[in-house]
file entry.cif (mmCIF, C-alpha atoms)
data_protein
loop_
_atom_site.group_PDB
_atom_site.id
_atom_site.type_symbol
_atom_site.label_atom_id
_atom_site.label_comp_id
_atom_site.auth_asym_id
_atom_site.auth_seq_id
_atom_site.Cartn_x
_atom_site.Cartn_y
_atom_site.Cartn_z
ATOM 1 C CA MET A 1 138.782 170.195 175.316
ATOM 2 C CA GLU A 2 135.571 170.493 173.357
ATOM 3 C CA LEU A 3 133.155 173.340 173.938
ATOM 4 C CA PRO A 4 130.319 174.164 174.075
ATOM 5 C CA LEU A 5 129.060 171.624 176.555
ATOM 6 C CA THR A 6 125.656 170.054 176.321
ATOM 7 C CA GLU A 7 123.138 171.365 178.809
ATOM 8 C CA ALA A 8 123.096 168.103 180.765
ATOM 9 C CA VAL A 9 126.875 168.049 181.123
ATOM 10 C CA LEU A 10 126.984 171.719 182.036
ATOM 11 C CA LEU A 11 124.361 171.133 184.717
ATOM 12 C CA ILE A 12 126.264 168.146 186.113
ATOM 13 C CA LEU A 13 129.457 170.194 186.309
ATOM 14 C CA LEU A 14 127.553 173.059 187.927
ATOM 15 C CA SER A 15 126.086 170.723 190.519
ATOM 16 C CA LEU A 16 129.615 169.672 191.450
ATOM 17 C CA ALA A 17 130.944 173.232 191.438
ATOM 18 C CA GLU A 18 130.144 173.968 195.073
ATOM 19 C CA HIS A 19 131.005 170.677 196.730
ATOM 20 C CA PRO A 20 131.268 166.949 196.043
ATOM 21 C CA ARG A 21 128.004 165.116 195.494
ATOM 22 C CA HIS A 22 126.660 161.583 195.165
ATOM 23 C CA GLY A 23 124.777 160.401 192.110
ATOM 24 C CA TYR A 24 121.367 160.911 193.701
ATOM 25 C CA SER A 25 122.306 164.395 194.872
ATOM 26 C CA ILE A 26 123.491 165.288 191.350
ATOM 27 C CA LEU A 27 120.202 164.068 189.867
ATOM 28 C CA LYS A 28 118.139 166.173 192.241
ATOM 29 C CA ASP A 29 120.335 169.232 191.880
ATOM 30 C CA VAL A 30 120.240 169.098 188.082
ATOM 31 C CA GLU A 31 116.459 168.874 188.208
ATOM 32 C CA GLU A 32 116.240 171.776 190.639
ATOM 33 C CA VAL A 33 118.710 174.059 188.839
ATOM 34 C CA SER A 34 117.007 173.475 185.491
ATOM 35 C CA GLY A 35 113.603 174.185 186.981
ATOM 36 C CA GLY A 36 112.459 170.613 186.384
ATOM 37 C CA ARG A 37 113.244 170.812 182.668
ATOM 38 C CA VAL A 38 116.178 168.394 182.734
ATOM 39 C CA VAL A 39 115.472 165.127 184.533
ATOM 40 C CA LEU A 40 118.283 162.653 184.065
ATOM 41 C CA SER A 41 117.877 158.899 184.216
ATOM 42 C CA THR A 42 120.508 156.918 186.064
ATOM 43 C CA GLY A 43 121.736 155.515 182.735
ATOM 44 C CA THR A 44 122.220 158.987 181.299
ATOM 45 C CA LEU A 45 123.800 160.317 184.479
ATOM 46 C CA TYR A 46 126.349 157.554 184.823
ATOM 47 C CA GLY A 47 127.107 157.585 181.109
ATOM 48 C CA ALA A 48 127.961 161.270 181.485
ATOM 49 C CA LEU A 49 129.913 160.687 184.712
ATOM 50 C CA ARG A 50 131.934 157.979 183.024
ATOM 51 C CA ARG A 51 132.855 160.302 180.170
ATOM 52 C CA LEU A 52 133.697 163.104 182.590
ATOM 53 C CA LEU A 53 135.924 160.705 184.523
ATOM 54 C CA ASP A 54 137.624 159.662 181.289
ATOM 55 C CA GLU A 55 138.176 163.302 180.360
ATOM 56 C CA GLY A 56 139.626 163.976 183.809
ATOM 57 C CA TRP A 57 137.116 166.717 184.546
ATOM 58 C CA ILE A 58 135.785 164.980 187.671
ATOM 59 C CA GLU A 59 137.173 162.436 190.079
ATOM 60 C CA ARG A 60 135.842 160.007 192.628
ATOM 61 C CA PHE A 61 136.034 161.248 196.128
ATOM 62 C CA GLU A 62 136.464 158.964 199.103
ATOM 63 C CA GLU A 63 134.110 159.769 201.927
ATOM 64 C CA ASP A 64 133.724 158.337 205.378
ATOM 65 C CA ASP A 65 130.115 157.391 204.704
ATOM 66 C CA THR A 66 130.219 154.887 201.861
ATOM 67 C CA THR A 67 127.058 153.062 202.804
ATOM 68 C CA ARG A 68 124.623 151.753 200.181
ATOM 69 C CA GLY A 69 127.169 151.909 197.434
ATOM 70 C CA ARG A 70 127.312 155.667 197.453
ATOM 71 C CA GLN A 71 130.262 157.303 195.790
ATOM 72 C CA ALA A 72 130.900 161.027 195.724
ATOM 73 C CA TYR A 73 132.331 162.961 192.802
ATOM 74 C CA ARG A 74 134.065 166.297 192.670
ATOM 75 C CA LEU A 75 135.499 168.583 190.037
ATOM 76 C CA THR A 76 139.172 168.369 189.217
ATOM 77 C CA THR A 77 141.233 171.456 188.453
ATOM 78 C CA LEU A 78 140.777 170.720 184.761
ATOM 79 C CA GLY A 79 137.036 170.409 185.293
ATOM 80 C CA GLN A 80 136.890 173.722 187.139
ATOM 81 C CA ARG A 81 138.836 175.381 184.355
ATOM 82 C CA THR A 82 136.539 173.900 181.727
ATOM 83 C CA LEU A 83 133.473 175.018 183.609
ATOM 84 C CA GLN A 84 134.892 178.505 184.018
ATOM 85 C CA THR A 85 135.662 178.701 180.313
ATOM 86 C CA GLU A 86 132.146 177.640 179.432
ATOM 87 C CA VAL A 87 130.561 180.072 181.878
ATOM 88 C CA THR A 88 132.666 182.907 180.464
ATOM 89 C CA ARG A 89 131.587 181.942 176.958
ATOM 90 C CA LEU A 90 127.942 181.912 178.007
ATOM 91 C CA LYS A 91 128.287 185.297 179.743
ATOM 92 C CA GLN A 92 129.766 186.801 176.601
ATOM 93 C CA LEU A 93 127.015 185.290 174.494
ATOM 94 C CA THR A 94 124.351 186.570 176.872
ATOM 95 C CA ARG A 95 125.855 190.059 176.822
ATOM 96 C CA VAL A 96 125.840 190.178 173.039
ATOM 97 C CA ALA A 97 122.314 188.784 172.936
ATOM 98 C CA SER A 98 121.105 191.402 175.426
ATOM 99 C CA LEU A 99 122.705 194.219 173.465
ATOM 100 C CA ARG A 100 121.273 193.128 170.149
ATOM 101 C CA THR A 101 117.764 192.449 171.397
ATOM 102 C CA ALA A 102 117.803 195.798 173.232
ATOM 103 C CA ARG A 103 118.829 197.597 170.021
ATOM 104 C CA ARG A 104 116.073 195.891 168.103
ATOM 105 C CA GLY A 105 113.531 196.804 170.778
ATOM 106 C CA ALA A 106 114.615 200.466 170.907
ATOM 107 C CA MET B 1 111.615 146.629 190.559
ATOM 108 C CA VAL B 2 115.166 146.999 191.854
ATOM 109 C CA ALA B 3 115.778 143.339 190.978
ATOM 110 C CA LEU B 4 114.605 143.986 187.404
ATOM 111 C CA TYR B 5 116.842 147.046 187.213
ATOM 112 C CA GLN B 6 119.805 144.967 188.332
ATOM 113 C CA LYS B 7 119.028 142.428 185.632
ATOM 114 C CA LEU B 8 118.842 145.163 183.007
ATOM 115 C CA LEU B 9 122.286 146.346 184.068
ATOM 116 C CA TYR B 10 123.619 143.132 182.520
ATOM 117 C CA LEU B 11 123.032 144.829 179.171
ATOM 118 C CA TYR B 12 126.093 146.964 179.917
ATOM 119 C CA PRO B 13 129.657 145.800 179.291
ATOM 120 C CA ARG B 14 131.245 144.001 182.217
ATOM 121 C CA PHE B 15 133.853 146.648 183.021
ATOM 122 C CA TYR B 16 131.105 149.269 183.190
ATOM 123 C CA ARG B 17 129.015 147.112 185.529
ATOM 124 C CA GLN B 18 131.970 146.528 187.786
ATOM 125 C CA GLN B 19 132.568 150.251 188.027
ATOM 126 C CA PHE B 20 129.041 151.647 188.282
ATOM 127 C CA ALA B 21 126.403 148.944 188.818
ATOM 128 C CA GLU B 22 126.359 149.207 192.610
ATOM 129 C CA GLU B 23 126.106 152.991 192.559
ATOM 130 C CA MET B 24 123.473 153.016 189.846
ATOM 131 C CA THR B 25 121.364 150.534 191.775
ATOM 132 C CA ALA B 26 121.638 152.604 194.951
ATOM 133 C CA VAL B 27 120.603 155.775 193.109
ATOM 134 C CA PHE B 28 117.765 153.938 191.364
ATOM 135 C CA ARG B 29 116.535 152.657 194.721
ATOM 136 C CA ASP B 30 116.528 156.175 196.194
ATOM 137 C CA VAL B 31 114.726 157.740 193.231
ATOM 138 C CA ASP B 32 112.292 154.817 193.074
ATOM 139 C CA GLU B 33 111.320 155.289 196.718
ATOM 140 C CA GLU B 34 110.817 159.005 196.153
ATOM 141 C CA ALA B 35 108.779 158.485 192.966
ATOM 142 C CA ARG B 36 106.497 155.992 194.717
ATOM 143 C CA ARG B 37 105.783 158.543 197.407
ATOM 144 C CA ARG B 38 104.809 161.104 194.757
ATOM 145 C CA GLY B 39 102.231 158.942 193.006
ATOM 146 C CA SER B 40 101.708 156.331 190.354
ATOM 147 C CA ILE B 41 101.944 158.629 187.301
ATOM 148 C CA ILE B 42 105.304 159.995 188.385
ATOM 149 C CA THR B 43 106.439 156.456 189.126
ATOM 150 C CA MET B 44 105.441 155.281 185.643
ATOM 151 C CA LYS B 45 107.222 158.234 184.039
ATOM 152 C CA PHE B 46 110.282 157.388 186.089
ATOM 153 C CA TYR B 47 110.266 153.747 184.948
ATOM 154 C CA VAL B 48 109.864 154.714 181.300
ATOM 155 C CA ARG B 49 112.700 157.239 181.596
ATOM 156 C CA GLU B 50 114.921 154.713 183.330
ATOM 157 C CA ALA B 51 114.232 151.989 180.778
ATOM 158 C CA GLY B 52 115.043 154.347 177.919
ATOM 159 C CA GLY B 53 118.142 155.680 179.650
ATOM 160 C CA LEU B 54 119.435 152.205 180.427
ATOM 161 C CA LEU B 55 118.942 150.876 176.919
ATOM 162 C CA ARG B 56 120.493 153.915 175.329
ATOM 163 C CA GLY B 57 123.350 153.910 177.813
ATOM 164 C CA ALA B 58 124.049 150.212 177.240
ATOM 165 C CA VAL B 59 124.135 150.631 173.462
ATOM 166 C CA THR B 60 126.389 153.665 173.830
ATOM 167 C CA GLU B 61 128.832 151.881 176.115
ATOM 168 C CA HIS B 62 129.063 148.882 173.794
ATOM 169 C CA PHE B 63 129.571 151.277 170.885
ATOM 170 C CA ARG B 64 132.362 153.022 172.778
ATOM 171 C CA ARG B 65 133.927 149.706 173.726
ATOM 172 C CA ILE B 66 134.024 148.621 170.094
ATOM 173 C CA PHE B 67 134.832 151.865 168.312
ATOM 174 C CA GLY B 68 136.524 153.895 171.047
ATOM 175 C CA SER B 69 135.574 157.273 172.438
ATOM 176 C CA GLN B 70 136.591 159.212 169.343
ATOM 177 C CA ILE B 71 133.642 158.014 167.324
ATOM 178 C CA PRO B 72 130.373 159.457 168.645
ATOM 179 C CA SER B 73 127.599 157.006 169.296
ATOM 180 C CA PRO B 74 124.593 157.617 167.056
ATOM 181 C CA LEU B 75 122.407 157.313 170.161
ATOM 182 C CA PHE B 76 124.427 159.556 172.414
ATOM 183 C CA PRO B 77 126.129 162.318 170.457
ATOM 184 C CA MET B 78 127.250 164.249 173.494
ATOM 185 C CA ARG B 79 129.292 167.190 172.423
ATOM 186 C CA PHE B 80 131.743 167.273 175.259
ATOM 187 C CA THR B 81 133.543 164.200 174.073
ATOM 188 C CA MET B 82 132.251 164.104 170.617
ATOM 189 C CA ARG B 83 133.133 166.541 167.836
ATOM 190 C CA PRO B 84 136.130 164.366 167.165
ATOM 191 C CA GLY B 85 139.035 165.703 165.207
ATOM 192 C CA PHE B 86 138.651 162.774 162.869
ATOM 193 C CA ARG B 87 135.675 162.718 160.580
ATOM 194 C CA PHE B 88 135.005 160.530 157.634
ATOM 195 C CA PRO B 89 135.240 162.977 154.743
ATOM 196 C CA LYS B 90 131.902 163.583 153.082
ATOM 197 C CA SER B 91 133.610 164.064 149.754
ATOM 198 C CA THR B 92 134.652 160.414 149.846
ATOM 199 C CA SER B 93 131.092 159.219 149.413
ATOM 200 C CA PHE B 94 130.661 161.549 146.447
ATOM 201 C CA LEU B 95 133.922 160.419 144.850
ATOM 202 C CA MET B 96 133.066 156.763 145.376
ATOM 203 C CA THR B 97 129.708 157.300 143.671
ATOM 204 C CA VAL B 98 131.368 159.073 140.736
ATOM 205 C CA ILE B 99 133.936 156.292 140.376
ATOM 206 C CA LEU B 100 131.230 153.643 140.534
ATOM 207 C CA ALA B 101 129.181 155.473 137.903
ATOM 208 C CA GLY B 102 132.273 155.661 135.675
ATOM 209 C CA ILE B 103 132.898 151.947 136.004
ATOM 210 C CA VAL B 104 129.281 151.113 135.227
ATOM 211 C CA LEU B 105 129.321 153.371 132.150
ATOM 212 C CA ALA B 106 132.569 151.805 130.960
ATOM 213 C CA ILE B 107 131.126 148.311 131.336
ATOM 214 C CA ASP B 108 127.969 149.367 129.542
ATOM 215 C CA LYS B 109 129.989 150.872 126.695
ATOM 216 C CA ALA B 110 132.117 147.722 126.392
ATOM 217 C CA GLU B 111 128.982 145.621 126.299
ATOM 218 C CA ALA B 112 127.581 147.775 123.490
ATOM 219 C CA ILE B 113 130.802 147.452 121.498
ATOM 220 C CA ARG B 114 130.847 143.698 121.963
ATOM 221 C CA THR B 115 127.302 143.277 120.703
ATOM 222 C CA ALA B 116 128.031 145.556 117.738
ATOM 223 C CA LEU B 117 130.926 143.379 116.570
ATOM 224 C CA PRO B 118 130.329 140.623 114.008
ATOM 225 C CA ALA B 119 129.626 137.271 115.548
ATOM 226 C CA ASP B 120 132.607 135.572 113.895
ATOM 227 C CA ILE B 121 135.092 137.694 115.824
ATOM 228 C CA ALA B 122 135.956 136.083 119.099
ATOM 229 C CA PRO B 123 135.317 138.420 122.012
ATOM 230 C CA VAL B 124 138.260 139.604 124.058
ATOM 231 C CA GLY B 125 137.607 139.452 127.752
ATOM 232 C CA PRO B 126 137.567 137.291 130.793
ATOM 233 C CA MET B 127 137.460 133.815 129.374
ATOM 234 C CA TRP B 128 137.147 132.323 132.832
ATOM 235 C CA ALA B 129 133.643 133.643 133.297
ATOM 236 C CA PRO B 130 131.887 134.246 129.995
ATOM 237 C CA HIS B 131 128.511 133.836 131.657
ATOM 238 C CA VAL B 132 128.966 136.815 133.973
ATOM 239 C CA ASN B 133 126.376 139.384 133.021
ATOM 240 C CA ILE B 134 126.450 143.120 133.582
ATOM 241 C CA LEU B 135 124.406 143.031 136.780
ATOM 242 C CA THR B 136 126.792 140.588 138.415
ATOM 243 C CA THR B 137 129.694 142.733 137.284
ATOM 244 C CA ILE B 138 128.151 145.831 138.835
ATOM 245 C CA VAL B 139 127.508 144.062 142.110
ATOM 246 C CA LEU B 140 131.023 142.631 142.204
ATOM 247 C CA THR B 141 132.495 146.042 141.388
ATOM 248 C CA PHE B 142 130.446 147.676 144.087
ATOM 249 C CA LEU B 143 131.546 145.087 146.637
ATOM 250 C CA LEU B 144 135.164 145.541 145.603
ATOM 251 C CA VAL B 145 134.940 149.320 145.954
ATOM 252 C CA ASP B 146 133.269 148.923 149.349
ATOM 253 C CA PHE B 147 135.983 146.551 150.456
ATOM 254 C CA VAL B 148 138.735 148.941 149.384
ATOM 255 C CA ALA B 149 136.944 151.815 151.119
ATOM 256 C CA ALA B 150 136.555 149.771 154.309
ATOM 257 C CA VAL B 151 140.244 148.885 154.302
ATOM 258 C CA GLY B 152 141.111 152.543 153.791
ATOM 259 C CA TRP B 153 138.833 153.556 156.616
ATOM 260 C CA VAL B 154 140.378 150.979 158.948
ATOM 261 C CA VAL B 155 143.853 152.268 158.109
ATOM 262 C CA LEU B 156 142.793 155.866 158.747
ATOM 263 C CA PHE B 157 141.064 154.868 161.960
ATOM 264 C CA ALA B 158 144.108 152.952 163.194
ATOM 265 C CA LEU B 159 146.356 155.909 162.392
ATOM 266 C CA HIS B 160 144.035 158.233 164.212
ATOM 267 C CA ARG B 161 143.860 155.961 167.239
ATOM 268 C CA SER B 162 147.631 155.810 167.331
ATOM 269 C CA GLY B 163 147.676 159.572 167.853
ATOM 270 C CA VAL B 164 150.111 160.113 165.015
ATOM 271 C CA GLN B 165 148.270 163.259 163.959
ATOM 272 C CA ARG B 166 149.111 164.855 167.310
ATOM 273 C CA LEU B 167 152.824 164.409 166.996
ATOM 274 C CA GLU B 168 153.190 167.919 165.659
ATOM 275 C CA GLU B 169 151.456 169.305 168.741
ATOM 276 C CA THR B 170 153.921 167.761 171.141
ATOM 277 C CA SER B 171 156.672 170.032 172.272
ATOM 278 C CA SER B 172 160.090 168.614 172.889
ATOM 279 C CA ALA B 173 161.323 168.649 176.448
ATOM 280 C CA PRO B 174 163.916 171.329 177.218
ATOM 281 C CA GLU B 175 167.418 170.065 176.949
ATOM 282 C CA ARG B 176 169.391 169.851 180.092
ATOM 283 C CA SER B 177 172.635 171.703 180.063
#

call {"tool": "encode", "arguments": {"input": "entry.cif", "output": "structure tokens"}}
result
Amino acid sequence: MELPLTEAVLLILLSLAEHPRHGYSILKDVEEVSGGRVVLSTGTLYGALRRLLDEGWIERFEEDDTTRGRQAYRLTTLGQRTLQTEVTRLKQLTRVASLRTARRGA
Amino acid sequence: MVALYQKLLYLYPRFYRQQFAEEMTAVFRDVDEEARRRGSIITMKFYVREAGGLLRGAVTEHFRRIFGSQIPSPLFPMRFTMRPGFRFPKSTSFLMTVILAGIVLAIDKAEAIRTALPADIAPVGPMWAPHVNILTTIVLTFLLVDFVAAVGWVVLFALHRSGVQRLEETSSAPERS
């Protein structure tokens, strides 16, 4: 398992953290969560999804509504663990950064 | 535009198209409809982004198909799969250059000795190609070194792909009593 994650991958995993999503829903959620800073193309999104599938961090999820070629994805246990590890790492980094910048400002 | 997008998807490897083409087209159609509603500038930005993403994605997938997932694509160095355990050692390039320089110097020195000898002494050397000059020799040497390096790299790559380096990490199953 290789950390840290890129921002795009982290955002994709975060968008799947709450519930399964389709490709379009992931695109919109990533854009919203990043404040419009990260806008993925379909090529980039599905390249990342393919790698996440290969890594076993996400899986395809069968839904009743499979119209228009839609396919939902959800985090696997391994994916949840990876995301949790990365979030913990970021929290620790943020804490250290806050402490150091506060010291410098004092 | 959806028809053009579907044609561009043929740039991807077949297995990738079989797995994702339908989904990608559906998502493209949704985003395309939304972008059109938001105006022409946003639509143009969307098309440019999609074209770039598709081309880069296609190159990356072909790269992965050929070289495997352990070697990061130069166009898509995503960290979550990349940072492979195997890396071509940087010192190898340096050593190869040093070796090549040594060979060139040795050839140059031999050439100087040969010209310094009296003409009546027959030169000792490759009689099969007396016309080969120093430049040809350098080029041939360089090609030979490259070939040897490529063979070595292929062997290392094959060993890495076999997973032999992970054997030490595997734990033996507990013995049943």

call {"tool": "interface_residues", "arguments": {"input": "entry.cif", "of": "chain A", "to": "chain B", "cutoff": "12 Å", "atoms": "only C-alpha atoms", "output": "PyMOL selection string"}}
result
chain A and resi 1-10+13+22-28+38-57+60+66-73+79+82-83+86

call {"tool": "residues_around", "arguments": {"input": "entry.cif", "residues": "B:Leu95", "least_positions_apart": "6", "cutoff": "12 Å", "atoms": "all atoms listed in the file", "output": "number ranges by chain"}}
result
B: 89, 101-102, 145, 149

call {"tool": "atom_distance", "arguments": {"input": "entry.cif", "atom1": "atom CA of B:Val59", "atom2": "atom CA of B:Leu11"}}
result
8.2 Å

call {"tool": "residues_around", "arguments": {"input": "entry.cif", "residues": "stretch 104-118 of chain B", "least_positions_apart": "6", "cutoff": "12 Å", "atoms": "only C-alpha atoms", "output": "VMD selection string"}}
result
chain B and resid 97 to 98 124 to 125 132 to 142

call {"tool": "write_last_selection", "arguments": {"input": "entry.cif", "atoms": "C-alpha atoms", "output": "PDB file, in the frame of the given file"}}
result
ATOM      1  CA  THR B  97     129.708 157.300 143.671  1.00  0.00           C
ATOM      2  CA  VAL B  98     131.368 159.073 140.736  1.00  0.00           C
ATOM      3  CA  VAL B 124     138.260 139.604 124.058  1.00  0.00           C
ATOM      4  CA  GLY B 125     137.607 139.452 127.752  1.00  0.00           C
ATOM      5  CA  VAL B 132     128.966 136.815 133.973  1.00  0.00           C
ATOM      6  CA  ASN B 133     126.376 139.384 133.021  1.00  0.00           C
ATOM      7  CA  ILE B 134     126.450 143.120 133.582  1.00  0.00           C
ATOM      8  CA  LEU B 135     124.406 143.031 136.780  1.00  0.00           C
ATOM      9  CA  THR B 136     126.792 140.588 138.415  1.00  0.00           C
ATOM     10  CA  THR B 137     129.694 142.733 137.284  1.00  0.00           C
ATOM     11  CA  ILE B 138     128.151 145.831 138.835  1.00  0.00           C
ATOM     12  CA  VAL B 139     127.508 144.062 142.110  1.00  0.00           C
ATOM     13  CA  LEU B 140     131.023 142.631 142.204  1.00  0.00           C
ATOM     14  CA  THR B 141     132.495 146.042 141.388  1.00  0.00           C
ATOM     15  CA  PHE B 142     130.446 147.676 144.087  1.00  0.00           C
TER      16      PHE B 142
END

call {"tool": "resolve_selection", "arguments": {"input": "entry.cif", "expression": "the PyMOL selection byres ((chain A and resi 15) around 9)", "output": "PDB file with C-alpha atoms, in the coordinates of the input"}}
result
ATOM      1  CA  LEU A  10     126.984 171.719 182.036  1.00  0.00           C
ATOM      2  CA  LEU A  11     124.361 171.133 184.717  1.00  0.00           C
ATOM      3  CA  ILE A  12     126.264 168.146 186.113  1.00  0.00           C
ATOM      4  CA  LEU A  13     129.457 170.194 186.309  1.00  0.00           C
ATOM      5  CA  LEU A  14     127.553 173.059 187.927  1.00  0.00           C
ATOM      6  CA  LEU A  16     129.615 169.672 191.450  1.00  0.00           C
ATOM      7  CA  ALA A  17     130.944 173.232 191.438  1.00  0.00           C
ATOM      8  CA  GLU A  18     130.144 173.968 195.073  1.00  0.00           C
ATOM      9  CA  HIS A  19     131.005 170.677 196.730  1.00  0.00           C
ATOM     10  CA  PRO A  20     131.268 166.949 196.043  1.00  0.00           C
ATOM     11  CA  ARG A  21     128.004 165.116 195.494  1.00  0.00           C
ATOM     12  CA  SER A  25     122.306 164.395 194.872  1.00  0.00           C
ATOM     13  CA  ILE A  26     123.491 165.288 191.350  1.00  0.00           C
ATOM     14  CA  LEU A  27     120.202 164.068 189.867  1.00  0.00           C
ATOM     15  CA  ASP A  29     120.335 169.232 191.880  1.00  0.00           C
ATOM     16  CA  VAL A  30     120.240 169.098 188.082  1.00  0.00           C
ATOM     17  CA  VAL A  33     118.710 174.059 188.839  1.00  0.00           C
TER      18      VAL A  33
END

call {"tool": "atom_distance", "arguments": {"input": "entry.cif", "atom1": "atom CA of B:Gln18", "atom2": "atom CA of B:Tyr5"}}
result
15.1 Å

call {"tool": "atom_distance", "arguments": {"input": "entry.cif", "atom1": "atom CA of B:Ile42", "atom2": "atom CA of B:Lys7"}}
result
22.5 Å

call {"tool": "decode", "arguments": {"input": "entry.cif", "residues": "stretch 26-48 of chain A", "atoms": "C-alpha atoms", "output": "mmCIF file, in the first residue's frame"}}
result
data_model
loop_
_atom_site.group_PDB
_atom_site.id
_atom_site.type_symbol
_atom_site.label_atom_id
_atom_site.label_comp_id
_atom_site.auth_asym_id
_atom_site.auth_seq_id
_atom_site.Cartn_x
_atom_site.Cartn_y
_atom_site.Cartn_z
ATOM 1 C CA ILE A 26 -18.078 10.891 -8.337
ATOM 2 C CA LEU A 27 -17.097 13.587 -10.843
ATOM 3 C CA LYS A 28 -19.541 16.085 -9.390
ATOM 4 C CA ASP A 29 -18.692 15.248 -5.800
ATOM 5 C CA VAL A 30 -14.954 15.605 -6.390
ATOM 6 C CA GLU A 31 -15.551 18.995 -7.976
ATOM 7 C CA GLU A 32 -17.770 20.090 -5.102
ATOM 8 C CA VAL A 33 -15.522 18.828 -2.290
ATOM 9 C CA SER A 34 -12.457 20.458 -3.837
ATOM 10 C CA GLY A 35 -14.290 23.740 -4.266
ATOM 11 C CA GLY A 36 -14.100 23.493 -8.051
ATOM 12 C CA ARG A 37 -10.312 23.157 -8.001
ATOM 13 C CA VAL A 38 -10.201 19.532 -9.144
ATOM 14 C CA VAL A 39 -12.309 18.796 -12.214
ATOM 15 C CA LEU A 40 -11.690 15.308 -13.515
ATOM 16 C CA SER A 41 -12.165 14.250 -17.111
ATOM 17 C CA THR A 42 -13.822 10.920 -17.760
ATOM 18 C CA GLY A 43 -10.482 9.537 -18.981
ATOM 19 C CA THR A 44 -8.746 10.524 -15.762
ATOM 20 C CA LEU A 45 -11.606 9.304 -13.591
ATOM 21 C CA TYR A 46 -11.843 5.880 -15.163
ATOM 22 C CA GLY A 47 -8.073 5.505 -15.277
ATOM 23 C CA ALA A 48 -8.071 6.081 -11.520
#
